[in-house]
>>> print(open('query-v4.txt').read())   # compact mmCIF, N, CA and C atoms
# COMPACT_ATOMS: atom_id res chain seq x y z
N GLN A 1 48.55 -161.35 -22.75
CA GLN A 1 47.90 -161.99 -21.62
C GLN A 1 48.16 -161.20 -20.35
N VAL A 2 47.38 -161.52 -19.33
CA VAL A 2 47.52 -160.87 -18.03
C VAL A 2 47.64 -161.95 -16.97
N GLN A 3 48.47 -161.68 -15.98
CA GLN A 3 48.61 -162.56 -14.83
C GLN A 3 48.06 -161.83 -13.61
N LEU A 4 47.33 -162.56 -12.78
CA LEU A 4 46.64 -161.97 -11.64
C LEU A 4 47.11 -162.61 -10.34
N VAL A 5 47.32 -161.78 -9.33
CA VAL A 5 47.71 -162.26 -8.01
C VAL A 5 46.84 -161.59 -6.96
N GLU A 6 46.13 -162.39 -6.17
CA GLU A 6 45.29 -161.87 -5.10
C GLU A 6 46.08 -161.80 -3.80
N SER A 7 45.71 -160.86 -2.95
CA SER A 7 46.30 -160.75 -1.63
C SER A 7 45.30 -160.09 -0.70
N GLY A 8 45.60 -160.14 0.60
CA GLY A 8 44.76 -159.46 1.57
C GLY A 8 43.84 -160.35 2.37
N GLY A 9 43.81 -161.62 2.04
CA GLY A 9 42.97 -162.53 2.79
C GLY A 9 43.51 -162.77 4.19
N GLY A 10 42.71 -163.45 5.00
CA GLY A 10 43.13 -163.76 6.35
C GLY A 10 41.97 -164.17 7.22
N LEU A 11 42.23 -164.20 8.52
CA LEU A 11 41.22 -164.54 9.51
C LEU A 11 40.67 -163.27 10.14
N VAL A 12 39.36 -163.16 10.16
CA VAL A 12 38.72 -161.98 10.73
C VAL A 12 37.50 -162.40 11.53
N GLN A 13 37.19 -161.65 12.56
CA GLN A 13 36.01 -161.95 13.37
C GLN A 13 34.74 -161.50 12.68
N PRO A 14 33.62 -162.13 12.99
CA PRO A 14 32.33 -161.66 12.43
C PRO A 14 32.13 -160.17 12.71
N GLY A 15 31.66 -159.48 11.71
CA GLY A 15 31.49 -158.04 11.80
C GLY A 15 32.69 -157.24 11.37
N GLY A 16 33.80 -157.91 11.15
CA GLY A 16 35.03 -157.23 10.77
C GLY A 16 35.12 -156.93 9.29
N SER A 17 36.27 -156.39 8.91
CA SER A 17 36.50 -155.97 7.52
C SER A 17 37.83 -156.49 7.00
N LEU A 18 37.90 -156.65 5.71
CA LEU A 18 39.14 -156.96 4.99
C LEU A 18 39.10 -156.25 3.65
N ARG A 19 40.27 -155.96 3.13
CA ARG A 19 40.36 -155.44 1.77
C ARG A 19 41.25 -156.37 0.97
N LEU A 20 40.68 -156.94 -0.06
CA LEU A 20 41.44 -157.79 -0.97
C LEU A 20 41.98 -156.96 -2.12
N SER A 21 43.13 -157.38 -2.61
CA SER A 21 43.73 -156.73 -3.78
C SER A 21 43.96 -157.77 -4.87
N CYS A 22 43.82 -157.33 -6.09
CA CYS A 22 44.10 -158.16 -7.26
C CYS A 22 45.09 -157.37 -8.11
N ALA A 23 46.33 -157.81 -8.11
CA ALA A 23 47.38 -157.12 -8.85
C ALA A 23 47.63 -157.81 -10.18
N ALA A 24 47.78 -157.02 -11.22
CA ALA A 24 47.97 -157.56 -12.55
C ALA A 24 49.37 -157.30 -13.06
N SER A 25 49.88 -158.23 -13.85
CA SER A 25 51.14 -158.04 -14.56
C SER A 25 50.96 -158.58 -15.97
N GLY A 26 51.90 -158.24 -16.83
CA GLY A 26 51.74 -158.61 -18.22
C GLY A 26 51.03 -157.47 -18.94
N ARG A 27 49.90 -157.74 -19.53
CA ARG A 27 49.14 -156.70 -20.19
C ARG A 27 48.49 -155.78 -19.16
N ALA A 28 48.36 -154.49 -19.49
CA ALA A 28 47.82 -153.51 -18.55
C ALA A 28 46.41 -153.88 -18.12
N LEU A 29 46.15 -153.65 -16.84
CA LEU A 29 44.85 -154.01 -16.27
C LEU A 29 43.70 -153.27 -16.94
N GLY A 30 43.97 -152.09 -17.45
CA GLY A 30 42.92 -151.28 -18.05
C GLY A 30 42.26 -151.91 -19.27
N TYR A 31 42.87 -152.94 -19.82
CA TYR A 31 42.26 -153.63 -20.95
C TYR A 31 41.17 -154.60 -20.54
N TYR A 32 41.00 -154.80 -19.23
CA TYR A 32 40.14 -155.88 -18.76
C TYR A 32 39.08 -155.42 -17.76
N ALA A 33 37.91 -155.99 -17.89
CA ALA A 33 36.98 -155.99 -16.77
C ALA A 33 37.50 -157.01 -15.76
N ILE A 34 37.22 -156.75 -14.50
CA ILE A 34 37.71 -157.63 -13.43
C ILE A 34 36.55 -158.10 -12.58
N GLY A 35 36.56 -159.38 -12.29
CA GLY A 35 35.54 -159.95 -11.43
C GLY A 35 36.16 -160.57 -10.20
N TRP A 36 35.40 -160.55 -9.12
CA TRP A 36 35.77 -161.29 -7.91
C TRP A 36 34.79 -162.45 -7.75
N PHE A 37 35.32 -163.60 -7.45
CA PHE A 37 34.55 -164.81 -7.23
C PHE A 37 35.00 -165.44 -5.93
N ARG A 38 34.17 -166.34 -5.42
CA ARG A 38 34.59 -167.06 -4.21
C ARG A 38 34.08 -168.49 -4.27
N GLN A 39 34.80 -169.34 -3.57
CA GLN A 39 34.43 -170.75 -3.53
C GLN A 39 34.62 -171.27 -2.12
N ALA A 40 33.52 -171.66 -1.52
CA ALA A 40 33.54 -172.26 -0.19
C ALA A 40 33.69 -173.77 -0.33
N PRO A 41 34.17 -174.44 0.71
CA PRO A 41 34.35 -175.89 0.64
C PRO A 41 33.05 -176.59 0.28
N GLY A 42 33.12 -177.46 -0.71
CA GLY A 42 31.96 -178.23 -1.11
C GLY A 42 30.95 -177.48 -1.95
N LYS A 43 31.26 -176.25 -2.31
CA LYS A 43 30.32 -175.44 -3.09
C LYS A 43 30.95 -175.02 -4.40
N GLU A 44 30.10 -174.63 -5.34
CA GLU A 44 30.59 -174.14 -6.61
C GLU A 44 31.12 -172.71 -6.46
N ARG A 45 32.01 -172.36 -7.38
CA ARG A 45 32.52 -170.99 -7.40
C ARG A 45 31.39 -170.05 -7.80
N GLU A 46 31.27 -168.94 -7.10
CA GLU A 46 30.19 -168.00 -7.36
C GLU A 46 30.71 -166.59 -7.53
N GLY A 47 29.99 -165.82 -8.33
CA GLY A 47 30.37 -164.44 -8.55
C GLY A 47 30.05 -163.57 -7.35
N VAL A 48 30.96 -162.69 -7.01
CA VAL A 48 30.80 -161.77 -5.90
C VAL A 48 30.57 -160.35 -6.40
N SER A 49 31.42 -159.91 -7.32
CA SER A 49 31.33 -158.55 -7.83
C SER A 49 32.17 -158.43 -9.09
N CYS A 50 31.90 -157.41 -9.88
CA CYS A 50 32.77 -157.14 -11.02
C CYS A 50 32.75 -155.65 -11.33
N ILE A 51 33.74 -155.23 -12.09
CA ILE A 51 33.89 -153.82 -12.43
C ILE A 51 34.35 -153.71 -13.86
N SER A 52 33.82 -152.72 -14.57
CA SER A 52 34.17 -152.53 -15.96
C SER A 52 35.59 -151.98 -16.09
N ARG A 53 36.07 -151.94 -17.32
CA ARG A 53 37.47 -151.56 -17.55
C ARG A 53 37.79 -150.18 -17.01
N GLY A 54 36.89 -149.23 -17.20
CA GLY A 54 37.12 -147.87 -16.72
C GLY A 54 36.61 -147.63 -15.32
N GLY A 55 35.93 -148.59 -14.74
CA GLY A 55 35.39 -148.45 -13.39
C GLY A 55 34.03 -147.82 -13.31
N GLY A 56 33.43 -147.50 -14.46
CA GLY A 56 32.16 -146.81 -14.43
C GLY A 56 30.96 -147.69 -14.11
N SER A 57 31.12 -148.99 -14.28
CA SER A 57 30.03 -149.92 -14.00
C SER A 57 30.50 -150.98 -13.01
N THR A 58 29.66 -151.23 -12.02
CA THR A 58 29.96 -152.26 -11.04
C THR A 58 28.71 -153.10 -10.80
N TYR A 59 28.93 -154.34 -10.43
CA TYR A 59 27.84 -155.28 -10.17
C TYR A 59 28.18 -156.09 -8.93
N TYR A 60 27.14 -156.45 -8.20
CA TYR A 60 27.32 -157.20 -6.96
C TYR A 60 26.31 -158.34 -6.88
N ALA A 61 26.75 -159.41 -6.26
CA ALA A 61 25.81 -160.47 -5.90
C ALA A 61 24.91 -159.96 -4.77
N ASP A 62 23.69 -160.47 -4.74
CA ASP A 62 22.75 -160.03 -3.70
C ASP A 62 23.30 -160.26 -2.30
N ALA A 63 24.07 -161.34 -2.13
CA ALA A 63 24.56 -161.70 -0.80
C ALA A 63 25.55 -160.70 -0.23
N VAL A 64 26.15 -159.89 -1.10
CA VAL A 64 27.18 -158.95 -0.63
C VAL A 64 26.81 -157.50 -0.88
N GLN A 65 25.71 -157.27 -1.57
CA GLN A 65 25.28 -155.90 -1.87
C GLN A 65 25.16 -155.09 -0.59
N GLY A 66 25.77 -153.92 -0.60
CA GLY A 66 25.73 -153.05 0.57
C GLY A 66 26.82 -153.30 1.59
N ARG A 67 27.52 -154.42 1.46
CA ARG A 67 28.61 -154.73 2.40
C ARG A 67 29.98 -154.69 1.71
N PHE A 68 30.02 -155.06 0.46
CA PHE A 68 31.28 -155.11 -0.30
C PHE A 68 31.30 -153.98 -1.32
N THR A 69 32.52 -153.47 -1.57
CA THR A 69 32.70 -152.44 -2.58
C THR A 69 33.90 -152.78 -3.44
N ILE A 70 33.68 -152.79 -4.74
CA ILE A 70 34.77 -153.04 -5.68
C ILE A 70 35.25 -151.72 -6.25
N SER A 71 36.56 -151.61 -6.46
CA SER A 71 37.13 -150.40 -7.05
C SER A 71 38.40 -150.80 -7.79
N ARG A 72 38.90 -149.87 -8.56
CA ARG A 72 40.13 -150.17 -9.30
C ARG A 72 40.97 -148.93 -9.45
N ASP A 73 42.28 -149.16 -9.57
CA ASP A 73 43.25 -148.10 -9.83
C ASP A 73 44.09 -148.60 -10.99
N ASN A 74 43.73 -148.21 -12.19
CA ASN A 74 44.43 -148.72 -13.37
C ASN A 74 45.88 -148.26 -13.42
N ALA A 75 46.18 -147.12 -12.84
CA ALA A 75 47.56 -146.65 -12.81
C ALA A 75 48.44 -147.57 -11.97
N LYS A 76 47.82 -148.22 -10.99
CA LYS A 76 48.55 -149.16 -10.13
C LYS A 76 48.32 -150.61 -10.54
N ASN A 77 47.55 -150.80 -11.63
CA ASN A 77 47.26 -152.16 -12.10
C ASN A 77 46.66 -153.03 -11.01
N THR A 78 45.76 -152.45 -10.23
CA THR A 78 45.21 -153.16 -9.08
C THR A 78 43.71 -152.91 -8.97
N VAL A 79 43.00 -153.97 -8.61
CA VAL A 79 41.57 -153.90 -8.30
C VAL A 79 41.40 -154.31 -6.84
N TYR A 80 40.48 -153.66 -6.16
CA TYR A 80 40.28 -153.90 -4.74
C TYR A 80 38.86 -154.41 -4.49
N LEU A 81 38.74 -155.16 -3.41
CA LEU A 81 37.42 -155.55 -2.92
C LEU A 81 37.40 -155.27 -1.42
N GLN A 82 36.71 -154.20 -1.05
CA GLN A 82 36.54 -153.85 0.36
C GLN A 82 35.37 -154.63 0.89
N MET A 83 35.60 -155.41 1.92
CA MET A 83 34.56 -156.27 2.49
C MET A 83 34.31 -155.86 3.93
N ASN A 84 33.11 -155.40 4.19
CA ASN A 84 32.70 -154.98 5.54
C ASN A 84 31.60 -155.89 6.07
N SER A 85 31.38 -155.81 7.37
CA SER A 85 30.32 -156.58 8.02
C SER A 85 30.39 -158.05 7.63
N LEU A 86 31.57 -158.58 7.70
CA LEU A 86 31.76 -159.98 7.29
C LEU A 86 31.07 -160.93 8.25
N ASN A 87 30.58 -162.01 7.70
CA ASN A 87 29.95 -163.05 8.51
C ASN A 87 30.51 -164.41 8.10
N PRO A 88 30.29 -165.44 8.89
CA PRO A 88 30.89 -166.75 8.59
C PRO A 88 30.53 -167.29 7.21
N GLU A 89 29.39 -166.88 6.67
CA GLU A 89 29.00 -167.34 5.33
C GLU A 89 29.90 -166.75 4.23
N ASP A 90 30.69 -165.77 4.58
CA ASP A 90 31.63 -165.19 3.60
C ASP A 90 32.94 -165.96 3.54
N THR A 91 33.11 -166.93 4.39
CA THR A 91 34.32 -167.74 4.39
C THR A 91 34.46 -168.50 3.07
N ALA A 92 35.59 -168.31 2.41
CA ALA A 92 35.81 -168.94 1.11
C ALA A 92 37.20 -168.56 0.61
N VAL A 93 37.61 -169.21 -0.45
CA VAL A 93 38.76 -168.75 -1.22
C VAL A 93 38.23 -167.74 -2.24
N TYR A 94 38.85 -166.58 -2.26
CA TYR A 94 38.42 -165.51 -3.16
C TYR A 94 39.39 -165.42 -4.33
N TYR A 95 38.83 -165.36 -5.52
CA TYR A 95 39.60 -165.29 -6.76
C TYR A 95 39.24 -164.03 -7.53
N CYS A 96 40.23 -163.46 -8.20
CA CYS A 96 39.90 -162.44 -9.18
C CYS A 96 40.10 -163.01 -10.58
N ALA A 97 39.36 -162.45 -11.51
CA ALA A 97 39.39 -162.93 -12.89
C ALA A 97 39.32 -161.74 -13.82
N ALA A 98 39.84 -161.93 -15.03
CA ALA A 98 39.89 -160.85 -16.01
C ALA A 98 39.29 -161.29 -17.33
N GLU A 99 38.67 -160.34 -17.99
CA GLU A 99 38.04 -160.61 -19.27
C GLU A 99 37.97 -159.28 -20.03
N PRO A 100 38.36 -159.25 -21.31
CA PRO A 100 38.32 -157.96 -22.03
C PRO A 100 36.92 -157.36 -22.14
N ILE A 101 35.90 -158.22 -22.18
CA ILE A 101 34.53 -157.74 -22.34
C ILE A 101 33.74 -158.05 -21.07
N LEU A 102 33.01 -157.06 -20.59
CA LEU A 102 32.14 -157.26 -19.43
C LEU A 102 30.74 -157.62 -19.92
N TYR A 103 30.32 -158.83 -19.59
CA TYR A 103 28.97 -159.28 -19.92
C TYR A 103 28.07 -158.91 -18.75
N SER A 104 27.45 -157.78 -18.83
CA SER A 104 26.76 -157.22 -17.66
C SER A 104 25.64 -158.14 -17.16
N THR A 105 24.98 -158.84 -18.07
CA THR A 105 23.87 -159.67 -17.65
C THR A 105 24.34 -160.99 -17.05
N HIS A 106 25.41 -161.52 -17.56
CA HIS A 106 25.88 -162.85 -17.15
C HIS A 106 27.24 -162.81 -16.48
N TRP A 107 27.59 -161.69 -15.88
CA TRP A 107 28.94 -161.53 -15.37
C TRP A 107 29.33 -162.60 -14.37
N SER A 108 28.38 -163.16 -13.65
CA SER A 108 28.71 -164.11 -12.59
C SER A 108 28.98 -165.52 -13.10
N SER A 109 28.88 -165.71 -14.40
CA SER A 109 29.17 -167.03 -14.97
C SER A 109 30.67 -167.20 -15.10
N THR A 110 31.23 -168.18 -14.42
CA THR A 110 32.68 -168.36 -14.42
C THR A 110 33.21 -168.67 -15.82
N SER A 111 32.40 -169.28 -16.67
CA SER A 111 32.87 -169.66 -17.99
C SER A 111 33.18 -168.47 -18.89
N LEU A 112 32.73 -167.28 -18.52
CA LEU A 112 32.95 -166.09 -19.34
C LEU A 112 34.27 -165.39 -19.04
N TRP A 113 34.98 -165.84 -18.04
CA TRP A 113 36.20 -165.17 -17.61
C TRP A 113 37.41 -166.01 -18.02
N ASP A 114 38.36 -165.39 -18.71
CA ASP A 114 39.47 -166.13 -19.31
C ASP A 114 40.67 -166.30 -18.39
N TYR A 115 40.94 -165.32 -17.56
CA TYR A 115 42.18 -165.31 -16.77
C TYR A 115 41.83 -165.30 -15.28
N TRP A 116 42.54 -166.12 -14.53
CA TRP A 116 42.25 -166.29 -13.11
C TRP A 116 43.51 -166.22 -12.27
N GLY A 117 43.36 -165.67 -11.07
CA GLY A 117 44.42 -165.75 -10.10
C GLY A 117 44.35 -167.06 -9.32
N GLN A 118 45.25 -167.21 -8.36
CA GLN A 118 45.34 -168.45 -7.59
C GLN A 118 44.45 -168.43 -6.35
N GLY A 119 43.97 -167.29 -5.98
CA GLY A 119 43.05 -167.21 -4.85
C GLY A 119 43.71 -166.82 -3.55
N THR A 120 42.90 -166.26 -2.65
CA THR A 120 43.34 -165.92 -1.30
C THR A 120 42.24 -166.35 -0.33
N GLN A 121 42.64 -166.95 0.77
CA GLN A 121 41.68 -167.50 1.73
C GLN A 121 41.15 -166.40 2.64
N VAL A 122 39.84 -166.36 2.80
CA VAL A 122 39.19 -165.49 3.76
C VAL A 122 38.41 -166.37 4.73
N THR A 123 38.71 -166.23 6.00
CA THR A 123 38.02 -167.01 7.03
C THR A 123 37.41 -166.06 8.05
N VAL A 124 36.10 -166.18 8.23
CA VAL A 124 35.39 -165.35 9.19
C VAL A 124 34.94 -166.24 10.34
N SER A 125 35.55 -166.02 11.47
CA SER A 125 35.28 -166.89 12.61
C SER A 125 35.65 -166.19 13.90
N SER A 126 34.92 -166.51 14.95
CA SER A 126 35.26 -165.97 16.27
C SER A 126 36.16 -166.94 17.02
>>> encode(input="query-v4.txt", output="structure tokens")
Amino acid sequence: QVQLVESGGGLVQPGGSLRLSCAASGRALGYYAIGWFRQAPGKEREGVSCISRGGGSTYYADAVQGRFTISRDNAKNTVYLQMNSLNPEDTAVYYCAAEPILYSTHWSSTSLWDYWGQGTQVTVSS
């Protein structure tokens, strides 16, 4: 099994940037595709981005395409989510999730991901 811990959240002004990290322990991160999800108050958890085990394939939700970049460093057992041009609609708790198989067509379905972190709060406000 793998354990995931997110970090890097915080309060940022509209137009600002944050970089989230998802650190893994237990089984090596390289065995897993990693997804980032977010959940705003009163809303369902939604997929933000995901990356394949080797990093060769990445996917983004339309709402973040062109603003967010996912990357990974398997040697450091860490996946990153660089978030630029943040706006108040990006405010949410952000979670990372792990799954040995990347379902490229349905990656944003939360039911396909087996392991989850506890989340980190991102607040975009002036």
>>> closest_residue(input="query-v4.txt", among="A:Gly8, A:Pro100, A:Gly47, A:Gly55", to="Tyr115 of chain A", atoms="all atoms listed in the file")
A:Pro100
>>> residues_around(input="query-v4.txt", residues="Ala33 of chain A", least_positions_apart="6", cutoff="6 Å", atoms="only N, CA and C atoms", output="list in words")
Ile51, Ser52, Arg53, Ala97, Ala98, Glu99, Pro100, Ile101 and Leu102 of chain A
>>> atom_distance(input="query-v4.txt", atom1="atom C of Ser57 of chain A", atom2="atom CA of Val79 of chain A")
12.4 Å
>>> residues_around(input="query-v4.txt", residues="segment 107-114 of chain A", least_positions_apart="2", cutoff="12 Å", atoms="only C-alpha atoms", output="JSON, numbers by chain")
{"A": [1, 2, 3, 4, 32, 33, 34, 35, 36, 37, 38, 39, 44, 45, 46, 47, 48, 49, 50, 51, 52, 57, 58, 59, 60, 61, 62, 95, 96, 97, 98, 99, 100, 101, 102, 103, 104, 105, 116, 117]}
>>> atom_distance(input="query-v4.txt", atom1="atom CA of Ala28 of chain A", atom2="atom CA of Gly9 of chain A")
23.7 Å
>>> closest_residue(input="query-v4.txt", among="A:Gln65, A:Gln13, A:Asn74, A:Thr123", to="Asp90 of chain A", atoms="all atoms listed in the file")
A:Thr123
>>> select_by_dssp(input="query-v4.txt", residues="segment 6-108 of chain A", states="strand (DSSP E)", output="PyMOL selection string")
chain A and resi 6-7+10-12+18-26+33-39+46-51+58-60+68-73+78-83+92-99
>>> select_by_dssp(input="query-v4.txt", residues="chain A", states="helix (DSSP H, G or I)", output="PDB file with N, CA and C atoms, in the coordinates of the input")
ATOM      1  N   LEU A  29      46.150-153.650 -16.840  1.00  0.00           N
ATOM      2  CA  LEU A  29      44.850-154.010 -16.270  1.00  0.00           C
ATOM      3  C   LEU A  29      43.700-153.270 -16.940  1.00  0.00           C
ATOM      4  N   GLY A  30      43.970-152.090 -17.450  1.00  0.00           N
ATOM      5  CA  GLY A  30      42.920-151.280 -18.050  1.00  0.00           C
ATOM      6  C   GLY A  30      42.260-151.910 -19.270  1.00  0.00           C
ATOM      7  N   TYR A  31      42.870-152.940 -19.820  1.00  0.00           N
ATOM      8  CA  TYR A  31      42.260-153.630 -20.950  1.00  0.00           C
ATOM      9  C   TYR A  31      41.170-154.600 -20.540  1.00  0.00           C
ATOM     10  N   ASN A  74      43.730-148.210 -12.190  1.00  0.00           N
ATOM     11  CA  ASN A  74      44.430-148.720 -13.370  1.00  0.00           C
ATOM     12  C   ASN A  74      45.880-148.260 -13.420  1.00  0.00           C
ATOM     13  N   ALA A  75      46.180-147.120 -12.840  1.00  0.00           N
ATOM     14  CA  ALA A  75      47.560-146.650 -12.810  1.00  0.00           C
ATOM     15  C   ALA A  75      48.440-147.570 -11.970  1.00  0.00           C
ATOM     16  N   LYS A  76      47.820-148.220 -10.990  1.00  0.00           N
ATOM     17  CA  LYS A  76      48.550-149.160 -10.130  1.00  0.00           C
ATOM     18  C   LYS A  76      48.320-150.610 -10.540  1.00  0.00           C
ATOM     19  N   PRO A  88      30.290-165.440   8.890  1.00  0.00           N
ATOM     20  CA  PRO A  88      30.890-166.750   8.590  1.00  0.00           C
ATOM     21  C   PRO A  88      30.530-167.290   7.210  1.00  0.00           C
ATOM     22  N   GLU A  89      29.390-166.880   6.670  1.00  0.00           N
ATOM     23  CA  GLU A  89      29.000-167.340   5.330  1.00  0.00           C
ATOM     24  C   GLU A  89      29.900-166.750   4.230  1.00  0.00           C
ATOM     25  N   ASP A  90      30.690-165.770   4.580  1.00  0.00           N
ATOM     26  CA  ASP A  90      31.630-165.190   3.600  1.00  0.00           C
ATOM     27  C   ASP A  90      32.940-165.960   3.540  1.00  0.00           C
ATOM     28  N   THR A 110      31.230-168.180 -14.420  1.00  0.00           N
ATOM     29  CA  THR A 110      32.680-168.360 -14.420  1.00  0.00           C
ATOM     30  C   THR A 110      33.210-168.670 -15.820  1.00  0.00           C
ATOM     31  N   SER A 111      32.400-169.280 -16.670  1.00  0.00           N
ATOM     32  CA  SER A 111      32.870-169.660 -17.990  1.00  0.00           C
ATOM     33  C   SER A 111      33.180-168.470 -18.890  1.00  0.00           C
ATOM     34  N   LEU A 112      32.730-167.280 -18.520  1.00  0.00           N
ATOM     35  CA  LEU A 112      32.950-166.090 -19.340  1.00  0.00           C
ATOM     36  C   LEU A 112      34.270-165.390 -19.040  1.00  0.00           C
TER      37      LEU A 112
END
>>> closest_residue(input="query-v4.txt", among="A:Ala75, A:Leu18, A:Ala63, A:Met83", to="Tyr31 of chain A", atoms="only C-alpha atoms")
A:Ala75
>>> closest_residue(input="query-v4.txt", among="A:Gly26, A:Arg72, A:Arg67, A:Val12", to="Asn84 of chain A", atoms="all atoms listed in the file")
A:Arg67
>>> atom_distance(input="query-v4.txt", atom1="atom N of Glu6 of chain A", atom2="atom N of Val124 of chain A")
18.0 Å
